[in-house]
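The data block below is model.txt; it holds compact mmCIF, C-alpha atoms.
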```
# COMPACT_ATOMS: atom_id res chain seq x y z
CA MET S 15 23.23 -69.03 63.49
CA PRO S 16 23.09 -70.09 67.14
CA ASN S 17 26.36 -68.28 68.03
CA ALA S 18 24.99 -64.98 66.75
CA ASP S 19 21.93 -65.39 68.98
CA ILE S 20 24.11 -66.02 72.04
CA LEU S 21 26.19 -62.90 71.32
CA ARG S 22 23.13 -60.74 70.64
CA PRO S 23 22.19 -58.60 73.69
CA HIS S 24 18.90 -59.59 75.31
CA ARG S 25 17.16 -56.71 77.05
CA THR S 26 13.84 -58.40 77.76
CA PRO S 27 14.93 -59.93 81.14
CA LEU S 28 15.93 -56.47 82.38
CA VAL S 29 12.71 -54.92 81.05
CA ALA S 30 10.67 -57.74 82.67
CA ALA S 31 12.40 -57.21 86.04
CA GLY S 32 11.76 -53.47 85.74
CA ILE S 33 8.09 -54.09 84.90
CA LEU S 34 7.51 -56.27 87.97
CA LEU S 35 9.43 -53.89 90.26
CA GLY S 36 7.59 -50.88 88.79
CA ALA S 37 4.20 -52.58 89.08
CA GLY S 38 4.93 -53.55 92.69
CA LEU S 39 6.14 -50.09 93.65
CA GLY S 40 3.21 -48.54 91.76
CA GLY S 41 0.91 -50.77 93.80
CA PHE S 42 2.54 -49.47 96.99
CA VAL S 43 2.03 -45.87 95.78
CA ASP S 44 -1.65 -46.65 95.24
CA GLY S 45 -2.01 -48.37 98.60
CA ILE S 46 -0.03 -45.89 100.68
CA VAL S 47 -1.13 -42.63 99.03
CA LEU S 48 -4.70 -43.31 97.86
CA HIS S 49 -5.81 -45.90 100.45
CA GLN S 50 -4.05 -44.72 103.61
CA ILE S 51 -2.90 -41.08 103.40
CA LEU S 52 -5.63 -39.52 101.23
CA GLN S 53 -8.20 -42.25 102.05
CA TRP S 54 -9.92 -41.81 98.69
CA HIS S 55 -10.82 -45.49 98.43
CA ASN S 56 -10.19 -48.97 99.81
CA MET S 57 -9.93 -52.29 98.01
CA LEU S 58 -13.62 -53.18 98.31
CA SER S 59 -15.03 -49.71 99.10
CA GLY S 60 -17.22 -49.83 95.98
CA GLN S 61 -19.08 -52.85 97.41
CA LEU S 62 -18.62 -52.23 101.15
CA PRO S 63 -18.41 -48.48 101.91
CA PRO S 64 -16.16 -47.92 104.99
CA ASP S 65 -18.83 -45.90 106.82
CA THR S 66 -18.60 -47.80 110.13
CA LEU S 67 -15.62 -48.99 112.16
CA VAL S 68 -16.38 -52.63 111.35
CA ARG S 69 -16.69 -51.97 107.60
CA ALA S 70 -13.50 -49.87 107.65
CA LYS S 71 -11.65 -52.74 109.34
CA VAL S 72 -13.01 -55.29 106.84
CA ASN S 73 -11.74 -53.05 104.03
CA MET S 74 -8.41 -52.82 105.89
CA TYR S 75 -8.12 -56.62 105.65
CA TRP S 76 -8.58 -56.56 101.85
CA ASP S 77 -6.11 -53.65 101.59
CA GLY S 78 -3.65 -55.81 103.52
CA LEU S 79 -4.13 -58.74 101.13
CA PHE S 80 -3.54 -56.38 98.19
CA HIS S 81 -0.36 -55.02 99.83
CA ALA S 82 0.88 -58.56 100.47
CA ALA S 83 0.34 -59.40 96.79
CA VAL S 84 2.22 -56.34 95.51
CA TRP S 85 5.01 -57.16 98.01
CA VAL S 86 5.32 -60.59 96.36
CA LEU S 87 5.34 -58.87 92.93
CA THR S 88 8.18 -56.59 94.09
CA ALA S 89 10.17 -59.46 95.60
CA ILE S 90 9.90 -61.52 92.38
CA GLY S 91 10.96 -58.43 90.39
CA LEU S 92 14.00 -58.05 92.64
CA ALA S 93 14.92 -61.72 92.13
CA MET S 94 14.53 -61.27 88.35
CA LEU S 95 16.75 -58.16 88.46
CA TRP S 96 19.42 -60.15 90.33
CA ALA S 97 19.20 -62.95 87.75
CA ALA S 98 19.29 -60.52 84.81
CA THR S 99 22.32 -58.58 86.06
CA GLY S 100 24.26 -61.84 86.38
CA ARG S 101 23.86 -62.63 82.67
CA ALA S 102 26.58 -61.59 80.25
CA ASP S 103 24.10 -61.19 77.38
CA VAL S 104 21.90 -58.69 79.30
CA PRO S 105 23.21 -55.12 78.89
CA HIS S 106 23.73 -53.08 82.06
CA SER S 107 21.48 -50.19 81.00
CA GLY S 108 20.04 -47.75 83.52
CA ARG S 109 17.69 -46.29 80.91
CA THR S 110 16.29 -49.73 80.08
CA LEU S 111 15.68 -50.48 83.76
CA ALA S 112 14.15 -47.03 84.41
CA GLY S 113 11.94 -47.51 81.33
CA GLY S 114 10.87 -50.91 82.63
CA LEU S 115 10.02 -49.39 86.01
CA LEU S 116 7.81 -46.73 84.38
CA LEU S 117 6.24 -49.37 82.10
CA GLY S 118 5.43 -51.47 85.19
CA TRP S 119 3.87 -48.57 87.07
CA GLY S 120 1.86 -47.61 83.99
CA MET S 121 0.76 -51.23 83.47
CA PHE S 122 -0.35 -51.40 87.09
CA ASN S 123 -2.53 -48.30 86.68
CA VAL S 124 -4.03 -49.50 83.38
CA VAL S 125 -4.63 -53.14 84.44
CA GLU S 126 -5.94 -52.20 87.90
CA GLY S 127 -7.97 -49.31 86.45
CA LEU S 128 -9.61 -51.49 83.80
CA ILE S 129 -10.25 -54.58 85.98
CA ASP S 130 -11.05 -53.12 89.42
CA HIS S 131 -12.54 -49.72 88.50
CA ALA S 132 -14.17 -50.20 85.10
CA LEU S 133 -15.08 -53.91 84.81
CA LEU S 134 -15.65 -55.17 88.37
CA GLY S 135 -16.40 -51.91 90.21
CA LEU S 136 -14.60 -53.15 93.34
CA HIS S 137 -13.75 -49.52 94.03
CA HIS S 138 -13.26 -46.21 92.27
CA VAL S 139 -10.33 -43.82 92.57
CA TYR S 140 -12.30 -41.12 94.42
CA GLU S 141 -15.33 -42.61 96.17
CA TYR S 142 -16.57 -39.31 97.61
CA ALA S 143 -17.55 -37.74 94.26
CA PRO S 144 -21.05 -38.39 92.86
CA ASN S 145 -19.47 -39.04 89.46
CA HIS S 146 -16.59 -41.53 89.66
CA LEU S 147 -15.66 -41.35 85.99
CA PRO S 148 -13.34 -38.26 85.92
CA ALA S 149 -10.98 -39.58 88.62
CA ASP S 150 -11.05 -43.11 87.14
CA LEU S 151 -10.19 -41.73 83.69
CA GLY S 152 -7.44 -39.54 85.20
CA PHE S 153 -5.91 -42.64 86.82
CA LEU S 154 -5.98 -44.45 83.46
CA ALA S 155 -4.57 -41.41 81.62
CA PHE S 156 -1.70 -41.18 84.12
CA GLY S 157 -1.05 -44.88 83.51
CA LEU S 158 -0.97 -44.36 79.74
CA ALA S 159 1.43 -41.41 80.15
CA LEU S 160 3.72 -43.64 82.24
CA LEU S 161 3.54 -46.35 79.55
CA LEU S 162 4.55 -43.85 76.85
CA ALA S 163 7.40 -42.44 78.96
CA GLY S 164 8.58 -45.95 79.85
CA GLY S 165 8.47 -47.10 76.24
CA ALA S 166 10.51 -44.04 75.17
CA LEU S 167 13.13 -44.72 77.85
CA VAL S 168 13.39 -48.41 76.90
CA ARG S 169 13.89 -47.40 73.25
CA ALA S 170 16.52 -44.84 74.32
CA GLY S 171 18.38 -47.59 76.20
CA ARG S 172 19.00 -49.67 73.06
CA VAL S 173 22.66 -50.60 72.66
CA MET I 17 15.96 -49.67 134.95
CA GLN I 18 13.33 -51.78 136.63
CA LYS I 19 10.86 -48.85 136.51
CA ILE I 20 11.47 -48.37 132.77
CA PHE I 21 10.90 -52.08 132.17
CA LEU I 22 7.68 -52.09 134.18
CA THR I 23 6.45 -48.93 132.38
CA LEU I 24 7.15 -50.49 128.97
CA LEU I 25 5.39 -53.67 130.07
CA ALA I 26 2.39 -51.61 131.21
CA CYS I 27 2.31 -49.82 127.82
CA LEU I 28 2.31 -53.19 126.05
CA TRP I 29 -0.60 -54.32 128.18
CA ALA I 30 -2.44 -51.03 127.56
CA ALA I 31 -2.04 -51.38 123.78
CA GLY I 32 -3.86 -54.71 123.95
CA ALA I 33 -6.63 -53.21 126.04
CA GLY I 34 -6.90 -50.30 123.57
CA ALA I 35 -7.88 -52.59 120.67
CA CYS I 36 -11.48 -53.16 119.67
CA PRO I 37 -12.57 -56.42 121.32
CA TRP I 38 -16.28 -55.85 120.74
CA CYS I 39 -15.92 -55.31 116.99
CA ARG I 40 -13.44 -58.14 116.31
CA PRO I 41 -16.09 -60.89 115.93
CA ARG I 42 -18.09 -58.63 113.62
CA VAL I 43 -14.98 -57.85 111.56
CA ARG I 44 -14.18 -61.55 111.25
CA ALA I 45 -17.78 -62.23 110.23
CA GLY I 46 -17.48 -59.43 107.64
CA ILE I 47 -14.30 -60.91 106.17
CA TYR I 48 -15.09 -64.64 106.17
CA THR I 49 -18.35 -64.51 104.28
CA PRO I 50 -19.47 -67.06 101.63
CA ALA I 51 -17.95 -64.64 99.08
CA TYR I 52 -14.49 -64.88 100.69
CA THR I 53 -12.84 -66.99 97.96
CA ALA I 54 -14.38 -64.88 95.21
CA ASN I 55 -13.15 -61.70 96.92
CA VAL I 56 -9.61 -63.13 97.24
CA LEU I 57 -9.58 -64.01 93.54
CA LEU I 58 -10.94 -60.58 92.54
CA VAL I 59 -8.45 -58.68 94.71
CA LEU I 60 -5.53 -60.75 93.38
CA LEU I 61 -6.62 -60.75 89.71
CA PRO I 62 -4.77 -57.56 88.57
CA VAL I 63 -1.60 -58.66 90.38
CA ALA I 64 -1.84 -62.12 88.76
CA VAL I 65 -2.18 -60.52 85.30
CA LEU I 66 0.89 -58.33 85.90
CA LEU I 67 2.86 -61.29 87.26
CA GLY I 68 1.97 -63.30 84.15
CA VAL I 69 3.15 -60.49 81.86
CA GLY I 70 6.43 -60.07 83.78
CA ILE I 71 7.28 -63.79 83.96
CA GLY I 72 6.27 -64.32 80.32
CA LEU I 73 8.53 -61.47 79.21
CA PHE I 74 11.42 -62.65 81.41
CA TYR I 75 11.38 -66.07 79.75
CA TRP I 76 10.40 -64.71 76.33
CA ASP I 77 13.76 -65.60 74.77
CA LYS I 78 13.18 -69.25 75.73
CA LEU I 79 9.46 -69.25 74.88
CA ARG I 80 9.78 -67.57 71.47
CA PRO I 81 11.29 -70.60 69.63
CA TYR I 82 8.52 -72.81 71.06
CA PHE I 83 5.82 -70.44 69.77
CA ALA I 84 7.64 -70.08 66.44
CA THR I 85 7.70 -73.88 65.89
CA SER I 86 4.07 -74.20 67.03
CA TYR I 87 2.94 -71.65 64.43
CA ALA I 88 5.18 -73.18 61.75
CA LYS I 89 3.50 -76.60 62.20
CA ARG I 90 0.03 -75.13 61.51
```
Mind turning this structure into structure tokens?
Amino acid sequence: MPNADILRPHRTPLVAAGILLGAGLGGFVDGIVLHQILQWHNMLSGQLPPDTLVRAKVNMYWDGLFHAAVWVLTAIGLAMLWAATGRADVPHSGRTLAGGLLLGWGMFNVVEGLIDHALLGLHHVYEYAPNHLPADLGFLAFGLALLLAGGALVRAGRV
Amino acid sequence: MQKIFLTLLACLWAAGAGACPWCRPRVRAGIYTPAYTANVLLVLLPVAVLLGVGIGLFYWDKLRPYFATSYAKR
């Protein structure tokens, strides 16, 4: 039944666009709030503590590379959103998009938390505590909460 | 007008002088180490994973039949 498949609404492009936009914006929240305003950590502060001007500036370089990468993520998400909204088979659902955004932010926290904090130890959420685990787990828990909220919103946006 | 222009020009010059010329070579040496490529890959790894998930999901409707036929042939 190929005709039935064409008529069936496809929400995955809108969810995918929301995920990339949410992950990109979540990356900016991390970079702006935790790296720059609160200065809890930098991209490589687990390996190169920013305790001198030179080390702080080296970390600033890696923060910049990270910001450039999440900018690309956001730009691709925006292009995907433009492509998805131009398709007749993709429903125009604000809840689905908002759910995708929360899913993306949650995925960012979980993926970044597992890879950078837990597996590689490039940095931890709060470098100034003797025990890094509570803040790292809090970051992951916040990510899981965002995933649950995003999943609920995407389900609520079903047509 | 000329005074404003000259003041702005002087500020521009002062900003350059206010940078950190002595630490710049050390910063460059700290960035471009033998571990540079590895550091780039490590910093970009989470973003690459997320990009893969997003692009895979965006084209999922086109990819799904391919995966379905691949599994059916096994």
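Going from atom CA of Trp96 of chain S to atom CA of Pro27 of chain S covers 10.2 Å.
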Write out as a tab-separated table the residues of chain I that have any atom within 9 Å of an atom of chain S, one row each with the nearest atom pair and its distance in Å to one decimal, counting all atoms listed in the file, sorted by chain and then rising number.
```
residue	atom	partner	partner_atom	distance
I:Cys39	CA	S:Val68	CA	6.3
I:Arg40	CA	S:Val68	CA	8.0
I:Arg42	CA	S:Val68	CA	6.6
I:Val43	CA	S:Val68	CA	5.4
I:Arg44	CA	S:Val72	CA	7.7
I:Gly46	CA	S:Val72	CA	6.1
I:Ile47	CA	S:Val72	CA	5.8
I:Asn55	CA	S:Trp76	CA	8.5
I:Val56	CA	S:Leu79	CA	8.0
I:Leu58	CA	S:Asp130	CA	8.1
I:Val59	CA	S:Phe80	CA	6.4
I:Leu60	CA	S:Phe80	CA	6.8
I:Leu61	CA	S:Ile129	CA	8.1
I:Pro62	CA	S:Glu126	CA	5.5
I:Val63	CA	S:Ala83	CA	6.7
I:Ala64	CA	S:Ala83	CA	8.8
I:Val65	CA	S:Val125	CA	7.8
I:Leu66	CA	S:Phe122	CA	7.1
I:Leu67	CA	S:Leu87	CA	6.6
I:Val69	CA	S:Ala30	CA	8.0
I:Gly70	CA	S:Ala30	CA	5.0
I:Ile71	CA	S:Ala30	CA	7.1
I:Gly72	CA	S:Ala30	CA	8.3
I:Leu73	CA	S:Ala30	CA	5.5
I:Phe74	CA	S:Pro27	CA	4.4
I:Tyr75	CA	S:Pro27	CA	7.2
I:Trp76	CA	S:Thr26	CA	7.3
I:Asp77	CA	S:Thr26	CA	7.8
```
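Taking atom CA of Tyr142 of chain S as the reference point, atom CA of Gln61 of chain S is found at 13.8 Å.
Using all atoms listed in the file, the nearest neighbour of His81 of chain S within the list S:Val43, S:Ile51, S:Ala102, S:Ala112 is S:Val43.
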Could you give me the centre and size, in Å to one decimal, of an axis-aligned box around all listed atoms of segment 134-147 of chain S with 8 Å added on every side, as AutoDock Vina command-line options?
```
--center_x -15.7 --center_y -46.5 --center_z 91.8 --size_x 26.7 --size_y 33.4 --size_z 27.6
```
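Taking atom CA of Leu160 of chain S and atom CA of Gly120 of chain S as endpoints, the distance between them is 4.7 Å.
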Local residues around (16.8, -47.3, 82.2), at most 12 Å away, using all atoms listed in the file, as a PDB file with C-alpha atoms, in the coordinates of the input:
```pdb
ATOM      1  CA  ARG S  25      17.160 -56.710  77.050  1.00  0.00           C
ATOM      2  CA  LEU S  28      15.930 -56.470  82.380  1.00  0.00           C
ATOM      3  CA  VAL S  29      12.710 -54.920  81.050  1.00  0.00           C
ATOM      4  CA  ALA S  31      12.400 -57.210  86.040  1.00  0.00           C
ATOM      5  CA  GLY S  32      11.760 -53.470  85.740  1.00  0.00           C
ATOM      6  CA  ILE S  33       8.090 -54.090  84.900  1.00  0.00           C
ATOM      7  CA  GLY S  36       7.590 -50.880  88.790  1.00  0.00           C
ATOM      8  CA  PRO S 105      23.210 -55.120  78.890  1.00  0.00           C
ATOM      9  CA  HIS S 106      23.730 -53.080  82.060  1.00  0.00           C
ATOM     10  CA  SER S 107      21.480 -50.190  81.000  1.00  0.00           C
ATOM     11  CA  GLY S 108      20.040 -47.750  83.520  1.00  0.00           C
ATOM     12  CA  ARG S 109      17.690 -46.290  80.910  1.00  0.00           C
ATOM     13  CA  THR S 110      16.290 -49.730  80.080  1.00  0.00           C
ATOM     14  CA  LEU S 111      15.680 -50.480  83.760  1.00  0.00           C
ATOM     15  CA  ALA S 112      14.150 -47.030  84.410  1.00  0.00           C
ATOM     16  CA  GLY S 113      11.940 -47.510  81.330  1.00  0.00           C
ATOM     17  CA  GLY S 114      10.870 -50.910  82.630  1.00  0.00           C
ATOM     18  CA  LEU S 115      10.020 -49.390  86.010  1.00  0.00           C
ATOM     19  CA  LEU S 116       7.810 -46.730  84.380  1.00  0.00           C
ATOM     20  CA  LEU S 117       6.240 -49.370  82.100  1.00  0.00           C
ATOM     21  CA  ALA S 163       7.400 -42.440  78.960  1.00  0.00           C
ATOM     22  CA  GLY S 164       8.580 -45.950  79.850  1.00  0.00           C
ATOM     23  CA  GLY S 165       8.470 -47.100  76.240  1.00  0.00           C
ATOM     24  CA  ALA S 166      10.510 -44.040  75.170  1.00  0.00           C
ATOM     25  CA  LEU S 167      13.130 -44.720  77.850  1.00  0.00           C
ATOM     26  CA  VAL S 168      13.390 -48.410  76.900  1.00  0.00           C
ATOM     27  CA  ARG S 169      13.890 -47.400  73.250  1.00  0.00           C
ATOM     28  CA  ALA S 170      16.520 -44.840  74.320  1.00  0.00           C
ATOM     29  CA  GLY S 171      18.380 -47.590  76.200  1.00  0.00           C
ATOM     30  CA  ARG S 172      19.000 -49.670  73.060  1.00  0.00           C
ATOM     31  CA  VAL S 173      22.660 -50.600  72.660  1.00  0.00           C
TER      32      VAL S 173
END
```
